[in-house]
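Structure first, commentary second.
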Amino acid sequence: MIYSRITGTGSYLPERIMPNSELTTMVDTSDEWIQSRTGIKQRHIARADESTCDMGAVAATRALQSAGLEPNQLDLVLFATSTPDQIFPSTACLLQRQLEITNGCPAFDVQAVCSGFVYGLTIADKFIKSGSAKNVLLIGADCLSKIVDWTDRSTCVLFGDGAGAVVLQASTEPGVYSTVLHANGAYANMLEVPCGVSKPGEERFIKMQGSDVFKFAVAAMDELVEEVLVTSAMQKSDLDWLIPHQANQRIITATAKKLNMPMSKVIMTVEEHGNTSAASIPLAMDTGIRDGRVKPGQLLLLEAIGGGFAWGAVLVRY
Ligand code: ACO
């Protein structure tokens, strides 16, 4: 049996930090409101000339270094993002160019908004389990500051920029135990950037029906964590860490409660990073691994929900 294992992680955050106090000079809000409703204290904001691919390339280089792998040893590059540098080529191909990956391995983007990383992990796992790839680089990166309406207090306080990456390799030991993905496009209008290429328009910023998204997210995460545990024949008590998408502290707390997990077993970065969409899980994972909390052999539950709605979870032994 072939499994996929995470053998390296890396991340990157832009230098510029925007604390809540700065937002109070831009919109009618307060540090108290933002922290009590979301848990967020600050977020990182990319430079005007810093792209999603630039951020992803730094995270990817760090992940490759920690896996001890050269870029040209990769046989698949996946880039999860909803803020690509260009309409085409894919950000994955732009990253190939930036890292000088010239061996001809396939590269493509994964668009599942905040759940892009769990979608990407699922694709990587299936490529490895089927024998189609041995060394996979998966990046989750987003530059949401460039699609946020900085005059809309109901959304601009929530988001930040960043990148995370993992290297997955074929192994005889697990690895990824199970993956569960869902989507329901009936909810498309609840969380969207309404304009695009084939449907041009004036509305080029994030629009969200916040409290409806919140209610859906809590209920969906409740069902999802049960489903992924049943699929892998694991118990709640087997879990060492919950590493959730970092959208809102209150959603994370509700999921941890459902799993009977104390908050000391949850990697939480939303305070410092805000919601970095596809980057949030690999950023949180890399943070927990590099500060020594997450150790080899431990069982991690990763879960996310985002625009679509699209949601999913992965159970993995690190
Ligand atoms: N500062 C002060 N007041 C505000 C702000 C703000 N930044 N934003 C909204 N308010 C006001 C509203 O106008 C409203 O005022 P009113 O009662 O006078 O009308 C009041 O606060 C309450 O607004 P709600 O939207 O009901 O607040 P809620 O408690 O639901 O919190 C929040 C809003 C934080 C957005 C929450 O709903 C949430 O986190 N939703 C989920 C977000 C999420 O998980 N998204 C998924 C992933 S994102 C992705 O996929 C890209």
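If you're wondering about the labels, chains in the structure tokens are A, B, ... by order shown, residues count from 1 in each chain, ligands from 1 in order shown.
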
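If you count only C-alpha atoms and ignore residues fewer than 2 places along the chain from A:Ala46, what sits within 8 Å of it is Pro14, Glu15, Arg16, His44, Ala48, Asp49, Glu50, Ser51, Cys143, Ser145, Asp161 and Gly162 of chain A.
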
Go ahead and write the residues just picked, C-alpha atoms, as an mmCIF file, in the first residue's frame.
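Output (part.cif):
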data_model
loop_
_atom_site.group_PDB
_atom_site.id
_atom_site.type_symbol
_atom_site.label_atom_id
_atom_site.label_comp_id
_atom_site.auth_asym_id
_atom_site.auth_seq_id
_atom_site.Cartn_x
_atom_site.Cartn_y
_atom_site.Cartn_z
ATOM 1 C CA PRO A 14 4.393 39.841 4.246
ATOM 2 C CA GLU A 15 6.455 42.229 6.351
ATOM 3 C CA ARG A 16 3.768 44.850 6.827
ATOM 4 C CA HIS A 44 -0.237 40.988 7.299
ATOM 5 C CA ALA A 48 1.728 46.553 -3.986
ATOM 6 C CA ASP A 49 4.420 44.800 -6.051
ATOM 7 C CA GLU A 50 4.233 41.525 -4.097
ATOM 8 C CA SER A 51 2.101 38.842 -5.745
ATOM 9 C CA CYS A 143 -3.525 38.049 -1.454
ATOM 10 C CA SER A 145 -6.041 42.535 0.533
ATOM 11 C CA ASP A 161 -2.299 37.933 3.068
ATOM 12 C CA GLY A 162 0.136 35.018 3.310
#

All residues within 7 Å of ligand 1 are required, counting only C-alpha atoms and all ligand atoms; please report them as a PyMOL selection string. chain A and resi 28-30+33-34+37-38+113-114+153-155+157+191+210-214+217+247-248+275+277+305-307

Please identify the alpha helix (DSSP H) residues within stretch 57-275 of chain A (assignment by DSSP from backbone atoms) and present them as a count of residues only. 73

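The environment of A:Asn184 within 10 Å, counting only C-alpha atoms and disregarding residues fewer than 2 places along the same chain, consists of His182, Ala186, Tyr187, Ala188, Gly307, Gly308, Phe309, Ala310 and Trp311 of chain A.
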
Take the residues just selected and output them with N, CA and C atoms as a JSON list (two decimals), in the first residue's frame.
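Now in selection37.json:
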[["chain", "number", "residue", "atom", "x", "y", "z"],
["A", 182, "HIS", "N", -16.70, 18.39, 0.09],
["A", 182, "HIS", "CA", -18.09, 18.70, -0.28],
["A", 182, "HIS", "C", -18.14, 20.07, -0.93],
["A", 186, "ALA", "N", -25.40, 26.14, -4.49],
["A", 186, "ALA", "CA", -26.64, 26.88, -4.22],
["A", 186, "ALA", "C", -26.37, 28.08, -3.32],
["A", 187, "TYR", "N", -25.26, 28.03, -2.59],
["A", 187, "TYR", "CA", -24.92, 29.11, -1.65],
["A", 187, "TYR", "C", -23.93, 30.12, -2.24],
["A", 188, "ALA", "N", -23.74, 30.06, -3.55],
["A", 188, "ALA", "CA", -22.71, 30.89, -4.20],
["A", 188, "ALA", "C", -22.81, 32.37, -3.83],
["A", 307, "GLY", "N", -15.92, 30.03, 0.20],
["A", 307, "GLY", "CA", -16.87, 30.40, -0.85],
["A", 307, "GLY", "C", -17.20, 29.22, -1.74],
["A", 308, "GLY", "N", -18.44, 29.20, -2.18],
["A", 308, "GLY", "CA", -18.93, 28.07, -3.01],
["A", 308, "GLY", "C", -20.38, 27.73, -2.71],
["A", 309, "PHE", "N", -20.70, 27.24, -1.48],
["A", 309, "PHE", "CA", -19.73, 26.85, -0.48],
["A", 309, "PHE", "C", -18.95, 25.61, -0.92],
["A", 310, "ALA", "N", -17.67, 25.56, -0.52],
["A", 310, "ALA", "CA", -16.87, 24.36, -0.70],
["A", 310, "ALA", "C", -16.22, 24.09, 0.65],
["A", 311, "TRP", "N", -16.26, 22.81, 1.09],
["A", 311, "TRP", "CA", -15.67, 22.51, 2.40],
["A", 311, "TRP", "C", -15.08, 21.10, 2.40]]

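Interatomic distance, atom CA of A:Asp75 to atom CA of A:Leu300: 25.3 Å.
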
What's around stretch 230-239 of chain A at 9 Å? Count only C-alpha atoms, leave out sequence neighbours fewer than 3 positions away in its own chain, and write the answer as JSON, numbers by chain. {"A": [177, 178, 179, 180, 225, 226, 227, 242, 259, 260, 261, 265, 298, 299, 300, 301, 315]}
